[in-house]
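Okay, so here's the structure we're looking at.
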Amino acid sequence: MLTRPRPLAGRLLVLAGVMAVAFNLRTAINVVGPLVPIIRADLGASNIGLGLIGTIPVLAFGLVSPLAAGLGRRIGIGRSLGASLVLLAASVALRSAGGFGWLVVGTVGLGIAIAIGNVLLPALIKSVFPDRVSQLSTAYTAVLVLAATAAAAVAVPLADAFSWELSAGIWAVPAGLGAIVVGVSVLLDERRTPATPAPTRSTEGMSTRELYRSPLAWQITAFMGLQSAAFYITLAWLSDILISKGLTELQAGTLISVFNAGGLVGVLAFPLLHRGREDQRRSTAAACAASLLGVVTLLVPGTALTPLSAFALGAGAGGLLALALSFFALRTETTADAAAMSGMAQTWGYLISAAGPILWGAISEWTGGWTVPLILLLAVNVAMTAAGLASARNRVIAPGAA
């Protein structure tokens, strides 16, 4: 997976690898949420301990992301992605070995593995498909969301039929298969592609100092962090918010499915709004508006608007994620710059979002309800909209550029 032009067969091989990685980027995480009551009962774990299991991957995203771009430069993007899937498969298997200690160890490992994939996949798309960045970012995000939704949907039925260990551990299989697909893709593609020339500006990219001095880089980073924070806050507390409005646990669970379905619709629909345009402001504005609508309708008393709230929040989150991931490649000139921008945005973005669920839960306890936290979430959405519209303008980050 190099940076020189490839024949069609080589591009198709890389595309297969992209989708294999995308399929595995969220399944191992999303499967845990529905299993929490079962794991708690089996292991006798506390809510704090289980909350740690939910926080570890997001912290790993933030802490490991700055290292991923360097790994990609040293051993190659394709090899790095293949190695990350091997680590992911091993970590998912370890997580299900039994006992809380293995649960923690496996979760740390899978967080590291997914962080590498998060950073390097946009750079790979920039390298191999520079003329299809937006379309392929949408496609792989759709695969990511669909796989994650499926993992959450089958988690409890599999646990009831077998065990939570099997339900959580079975996702090591697609990770292992993905590693094989990526490995074959790397080997065959390198045989078809001329060797990489000596490092140049296009392969080494701009320095970290140059990137951190770019206002546009910080706008993209802010957008990544704010949309991620809004998503993880919603993911953690939407069920509780819906129940506090008078819905039963079953009804709230149904609306969580609506939220997930809305995410897939948002991934596919909103990017269409900027097709054929040089910038992405129209699609960014629409996705932000959907997210804002979801929060505003949650503030309305009663339950009549809750289906709209769940769908709008999911659609907004899906569209915003697809846009945030595409900006890493769209707003940079080279593959190396795309990897560096991805690392910067995901480092700070996920460190920001990691505190969101805990902080919003604490605010809810302090204020005795969800009105104040929702108003604050509305403020997060407003700031996200401003950062998103700034990031969506037709500009690129380059040394000396504003």
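Ordering of the structure tokens sets the chain letters (A, B, ...); residue numbers start at 1 within each chain; ligands are numbered from 1 in the order shown.
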
Q.
For Trp348 in chain A, find every residue with an atom within 9 Å (counting only C-alpha atoms), except residues of its own chain fewer than 6 positions away, and show them as a ChimeraX atom specification.
A. /A:62-63,65,221-222,224-225

Q. Which polymer residues have any atom within 12 Å of an atom of Trp218 in chain A, counting only C-alpha atoms, with same-chain residues fewer than 3 positions away left out, as a list in words?
A.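 In the requested format, the answer is Glu210, Leu211, Tyr212, Arg213, Ser214, Pro215, Thr221, Ala222, Phe223, Met224, Gly225, Leu226, Phe327, Phe328, Arg331, Met341, Ser342, Met344, Ala345, Gln346, Thr347, Trp348, Gly349, Ala387, Gly388, Ala390, Ser391, Ile397 and Ala402 of chain A.
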
**Q.** Nearby residues (only C-alpha atoms) at most 9 Å from range 135-137 of chain A, same-chain spacing under 2 positions excluded, as number ranges by chain
**A.** A: 15, 122, 125, 129, 132-133, 139-142, 271-272, 275, 322-323, 325-326

Q.
From the options A:Ser134, A:Ser185, A:Ser353, A:Thr149, which residue's atoms come nearest to Ala324 in chain A, counting only C-alpha atoms?
A.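 Closest to Ala324 in chain A, using only C-alpha atoms: A:Ser134.
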
(Q) Would you pick out the contacts of Ala261 in chain A at 12 Å or less, using only C-alpha atoms, so that residues sharing its chain but fewer than 5 positions from it are not included, and give the list as a PyMOL selection string? (A) chain A and resi 142+145-150+152-153+254-256+266-268+307+310-318

Next, the residues of the selection above should be written as a short mmCIF file (atom, residue, chain, number, x, y, z; two decimals), in the first residue's frame with C-alpha atoms.
```
data_model
loop_
_atom_site.label_atom_id
_atom_site.label_comp_id
_atom_site.auth_asym_id
_atom_site.auth_seq_id
_atom_site.Cartn_x
_atom_site.Cartn_y
_atom_site.Cartn_z
CA ALA A 142 -21.42 3.34 6.43
CA VAL A 145 -21.91 2.06 11.41
CA LEU A 146 -23.73 -0.93 9.92
CA ALA A 147 -21.30 -3.43 11.48
CA ALA A 148 -21.45 -1.67 14.85
CA THR A 149 -25.27 -1.63 14.77
CA ALA A 150 -25.36 -5.34 13.92
CA ALA A 152 -25.13 -4.34 19.29
CA ALA A 153 -28.29 -5.98 17.94
CA THR A 254 -36.62 0.49 20.80
CA LEU A 255 -35.68 4.16 20.35
CA ILE A 256 -32.01 3.30 20.76
CA GLY A 266 -27.16 10.11 8.12
CA VAL A 267 -23.91 8.54 6.90
CA LEU A 268 -25.43 7.82 3.50
CA PRO A 307 -39.01 9.09 18.09
CA ALA A 310 -33.80 9.59 18.51
CA PHE A 311 -33.78 9.53 14.72
CA ALA A 312 -32.51 13.12 14.35
CA LEU A 313 -29.73 12.56 16.89
CA GLY A 314 -28.63 9.37 15.13
CA ALA A 315 -28.79 10.88 11.64
CA GLY A 316 -26.83 13.92 12.76
CA ALA A 317 -24.19 11.79 14.49
CA GLY A 318 -23.73 9.54 11.45
#
```

Identify, with DSSP run on backbone atoms, the residues in range 156-288 of chain A assigned to alpha helix (DSSP H), and express the list as a PDB file with C-alpha atoms, in the first residue's frame.
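Printed below is out-v1.pdb as written:
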```pdb
ATOM      1  CA  VAL A 156     -27.898 -10.086  23.992  1.00  0.00           C
ATOM      2  CA  PRO A 157     -29.456 -12.903  21.893  1.00  0.00           C
ATOM      3  CA  LEU A 158     -26.034 -14.548  21.562  1.00  0.00           C
ATOM      4  CA  ALA A 159     -25.345 -14.087  25.273  1.00  0.00           C
ATOM      5  CA  ASP A 160     -28.733 -15.610  26.175  1.00  0.00           C
ATOM      6  CA  ALA A 161     -28.169 -18.552  23.838  1.00  0.00           C
ATOM      7  CA  TRP A 164     -21.510 -13.183  27.230  1.00  0.00           C
ATOM      8  CA  GLU A 165     -17.938 -14.357  26.655  1.00  0.00           C
ATOM      9  CA  LEU A 166     -18.898 -15.884  23.307  1.00  0.00           C
ATOM     10  CA  SER A 167     -21.084 -12.911  22.399  1.00  0.00           C
ATOM     11  CA  ALA A 168     -18.211 -10.478  23.008  1.00  0.00           C
ATOM     12  CA  GLY A 169     -15.443 -12.773  21.757  1.00  0.00           C
ATOM     13  CA  ALA A 172     -12.287 -11.748  17.005  1.00  0.00           C
ATOM     14  CA  VAL A 173     -13.221 -13.837  13.938  1.00  0.00           C
ATOM     15  CA  PRO A 174     -13.939 -10.949  11.517  1.00  0.00           C
ATOM     16  CA  ALA A 175     -10.880  -9.121  12.880  1.00  0.00           C
ATOM     17  CA  GLY A 176      -8.703 -12.143  12.087  1.00  0.00           C
ATOM     18  CA  LEU A 177     -10.258 -12.500   8.638  1.00  0.00           C
ATOM     19  CA  GLY A 178      -9.758  -8.779   8.075  1.00  0.00           C
ATOM     20  CA  ALA A 179      -6.059  -9.142   8.933  1.00  0.00           C
ATOM     21  CA  ILE A 180      -5.771 -11.840   6.264  1.00  0.00           C
ATOM     22  CA  VAL A 181      -7.534  -9.669   3.671  1.00  0.00           C
ATOM     23  CA  VAL A 182      -5.303  -6.684   4.435  1.00  0.00           C
ATOM     24  CA  GLY A 183      -2.171  -8.856   4.462  1.00  0.00           C
ATOM     25  CA  VAL A 184      -2.950 -10.363   1.053  1.00  0.00           C
ATOM     26  CA  SER A 185      -3.836  -6.917  -0.240  1.00  0.00           C
ATOM     27  CA  VAL A 186      -0.485  -5.496   0.888  1.00  0.00           C
ATOM     28  CA  LEU A 187       1.572  -8.327  -0.583  1.00  0.00           C
ATOM     29  CA  LEU A 188      -0.164  -8.412  -3.952  1.00  0.00           C
ATOM     30  CA  ASP A 189      -0.415  -4.645  -4.280  1.00  0.00           C
ATOM     31  CA  GLU A 190       3.291  -4.145  -3.575  1.00  0.00           C
ATOM     32  CA  ARG A 191       4.135  -6.611  -6.338  1.00  0.00           C
ATOM     33  CA  ARG A 192       2.041  -4.594  -8.780  1.00  0.00           C
ATOM     34  CA  ARG A 201       7.818  16.769   0.733  1.00  0.00           C
ATOM     35  CA  SER A 202       4.871  14.725  -0.599  1.00  0.00           C
ATOM     36  CA  THR A 203       5.827  11.624   1.379  1.00  0.00           C
ATOM     37  CA  GLU A 204       7.210  13.181   4.557  1.00  0.00           C
ATOM     38  CA  THR A 208       4.146  18.849  13.605  1.00  0.00           C
ATOM     39  CA  ARG A 209       4.962  22.480  14.379  1.00  0.00           C
ATOM     40  CA  GLU A 210       3.637  23.612  11.008  1.00  0.00           C
ATOM     41  CA  LEU A 211       0.455  21.591  11.475  1.00  0.00           C
ATOM     42  CA  TYR A 212      -0.154  22.904  14.989  1.00  0.00           C
ATOM     43  CA  PRO A 215      -5.924  27.625  12.296  1.00  0.00           C
ATOM     44  CA  LEU A 216      -7.677  25.245   9.897  1.00  0.00           C
ATOM     45  CA  ALA A 217      -6.073  22.232  11.588  1.00  0.00           C
ATOM     46  CA  TRP A 218      -7.438  23.408  14.937  1.00  0.00           C
ATOM     47  CA  GLN A 219     -10.885  24.021  13.440  1.00  0.00           C
ATOM     48  CA  ILE A 220     -10.961  20.440  12.149  1.00  0.00           C
ATOM     49  CA  THR A 221      -9.709  19.202  15.515  1.00  0.00           C
ATOM     50  CA  ALA A 222     -12.409  21.155  17.358  1.00  0.00           C
ATOM     51  CA  PHE A 223     -15.072  19.765  15.044  1.00  0.00           C
ATOM     52  CA  MET A 224     -13.805  16.223  15.533  1.00  0.00           C
ATOM     53  CA  GLY A 225     -13.747  16.599  19.308  1.00  0.00           C
ATOM     54  CA  LEU A 226     -17.127  18.289  19.648  1.00  0.00           C
ATOM     55  CA  GLN A 227     -19.003  15.878  17.381  1.00  0.00           C
ATOM     56  CA  SER A 228     -17.348  12.961  19.160  1.00  0.00           C
ATOM     57  CA  ALA A 229     -18.257  14.371  22.581  1.00  0.00           C
ATOM     58  CA  ALA A 230     -21.879  14.886  21.498  1.00  0.00           C
ATOM     59  CA  PHE A 231     -22.030  11.309  20.203  1.00  0.00           C
ATOM     60  CA  TYR A 232     -20.540   9.628  23.280  1.00  0.00           C
ATOM     61  CA  ILE A 233     -22.675  11.701  25.653  1.00  0.00           C
ATOM     62  CA  THR A 234     -25.770  10.710  23.702  1.00  0.00           C
ATOM     63  CA  LEU A 235     -24.707   7.068  23.467  1.00  0.00           C
ATOM     64  CA  ALA A 236     -24.124   6.881  27.216  1.00  0.00           C
ATOM     65  CA  TRP A 237     -27.233   8.683  28.452  1.00  0.00           C
ATOM     66  CA  LEU A 238     -29.977   8.681  25.812  1.00  0.00           C
ATOM     67  CA  SER A 239     -31.684   5.642  27.325  1.00  0.00           C
ATOM     68  CA  ASP A 240     -31.741   7.244  30.797  1.00  0.00           C
ATOM     69  CA  ILE A 241     -33.007  10.527  29.359  1.00  0.00           C
ATOM     70  CA  LEU A 242     -35.841   8.761  27.542  1.00  0.00           C
ATOM     71  CA  ILE A 243     -36.821   6.809  30.667  1.00  0.00           C
ATOM     72  CA  SER A 244     -36.790  10.043  32.699  1.00  0.00           C
ATOM     73  CA  GLU A 249     -37.092   0.409  29.401  1.00  0.00           C
ATOM     74  CA  LEU A 250     -38.487  -1.546  26.438  1.00  0.00           C
ATOM     75  CA  GLN A 251     -39.644   1.642  24.694  1.00  0.00           C
ATOM     76  CA  ALA A 252     -36.301   3.324  25.365  1.00  0.00           C
ATOM     77  CA  GLY A 253     -34.499   0.294  23.940  1.00  0.00           C
ATOM     78  CA  THR A 254     -36.622   0.492  20.799  1.00  0.00           C
ATOM     79  CA  LEU A 255     -35.683   4.156  20.353  1.00  0.00           C
ATOM     80  CA  ILE A 256     -32.007   3.299  20.763  1.00  0.00           C
ATOM     81  CA  SER A 257     -32.496   1.087  17.695  1.00  0.00           C
ATOM     82  CA  VAL A 258     -34.084   4.076  15.952  1.00  0.00           C
ATOM     83  CA  PHE A 259     -31.013   6.131  16.932  1.00  0.00           C
ATOM     84  CA  ASN A 260     -28.717   3.505  15.394  1.00  0.00           C
ATOM     85  CA  ALA A 261     -30.814   3.300  12.222  1.00  0.00           C
ATOM     86  CA  GLY A 262     -30.732   7.094  11.965  1.00  0.00           C
ATOM     87  CA  GLY A 263     -26.933   6.925  12.099  1.00  0.00           C
ATOM     88  CA  LEU A 264     -26.787   4.782   8.984  1.00  0.00           C
ATOM     89  CA  VAL A 265     -29.237   7.066   7.161  1.00  0.00           C
ATOM     90  CA  GLY A 266     -27.156  10.108   8.119  1.00  0.00           C
ATOM     91  CA  VAL A 267     -23.909   8.536   6.898  1.00  0.00           C
ATOM     92  CA  LEU A 268     -25.434   7.823   3.500  1.00  0.00           C
ATOM     93  CA  ALA A 269     -27.677  10.855   3.035  1.00  0.00           C
ATOM     94  CA  ARG A 281     -20.758  23.503   4.008  1.00  0.00           C
ATOM     95  CA  ARG A 282     -24.224  22.487   2.814  1.00  0.00           C
ATOM     96  CA  SER A 283     -23.952  18.916   4.119  1.00  0.00           C
ATOM     97  CA  THR A 284     -22.248  20.063   7.326  1.00  0.00           C
ATOM     98  CA  ALA A 285     -25.017  22.574   8.035  1.00  0.00           C
ATOM     99  CA  ALA A 286     -27.696  19.945   7.425  1.00  0.00           C
ATOM    100  CA  ALA A 287     -26.055  17.333   9.677  1.00  0.00           C
ATOM    101  CA  CYS A 288     -25.524  19.903  12.444  1.00  0.00           C
TER     102      CYS A 288
END
```

Q) What is the CA of Asn394 in chain A-CA of Asp131 in chain A distance in Å, reported with one decimal? A)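 Separation between CA of Asn394 in chain A and CA of Asp131 in chain A: 15.1 Å.
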
**Q.** Nearest residue to Ala45 in chain A from the set A:Pro301, A:Gly99, A:Pro130, A:Gly368 (distances using only C-alpha atoms)
**A.**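 Among the listed residues, A:Gly99 lies closest to Ala45 in chain A.
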
(Q) What does the structure give for the distance between CA of Leu81 in chain A and CA of Ser96 in chain A, in Å to one decimal? (A)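 Separation of CA of Leu81 in chain A and CA of Ser96 in chain A: 23.0 Å.
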
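Distances to Ala354 in chain A were evaluated for A:Ala338, A:Ala60, A:Ile29, A:Leu299 using only C-alpha atoms, and the minimum falls at A:Ala60.
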
**Q.** Counting only C-alpha atoms, the option among A:Arg40, A:Lys126, A:Arg79, A:Arg277 closest to Phe100 in chain A
**A.**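 Result for the nearest residue to Phe100 in chain A: A:Arg40.
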
Q) Looking at A:Thr385, A:Trp360, A:Glu333, A:Asn118, which one is nearest to Ala290 in chain A, with distances taken over only C-alpha atoms? A)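 Smallest distance to Ala290 in chain A is found for A:Thr385.
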
Could you give me, as a compact mmCIF listing (two decimals) with C-alpha atoms, in the first residue's frame, the residues within 7 Å of Phe23 in chain A, counting only C-alpha atoms and dropping anything in the same chain fewer than 4 positions from it?
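Saved result, part03.txt, follows:
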```txt
# COMPACT_ATOMS: atom_id res chain seq x y z
CA MET A 19 -13.63 -2.21 3.99
CA VAL A 143 -19.76 -0.08 6.76
CA LEU A 144 -18.45 0.94 10.19
CA ALA A 147 -21.30 -3.43 11.48
```

Q. At what distance in Å, to one decimal, does CA of Val119 in chain A lie from CA of Gly343 in chain A?
A.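 Between CA of Gly343 in chain A and CA of Val119 in chain A the gap works out to 5.5 Å.
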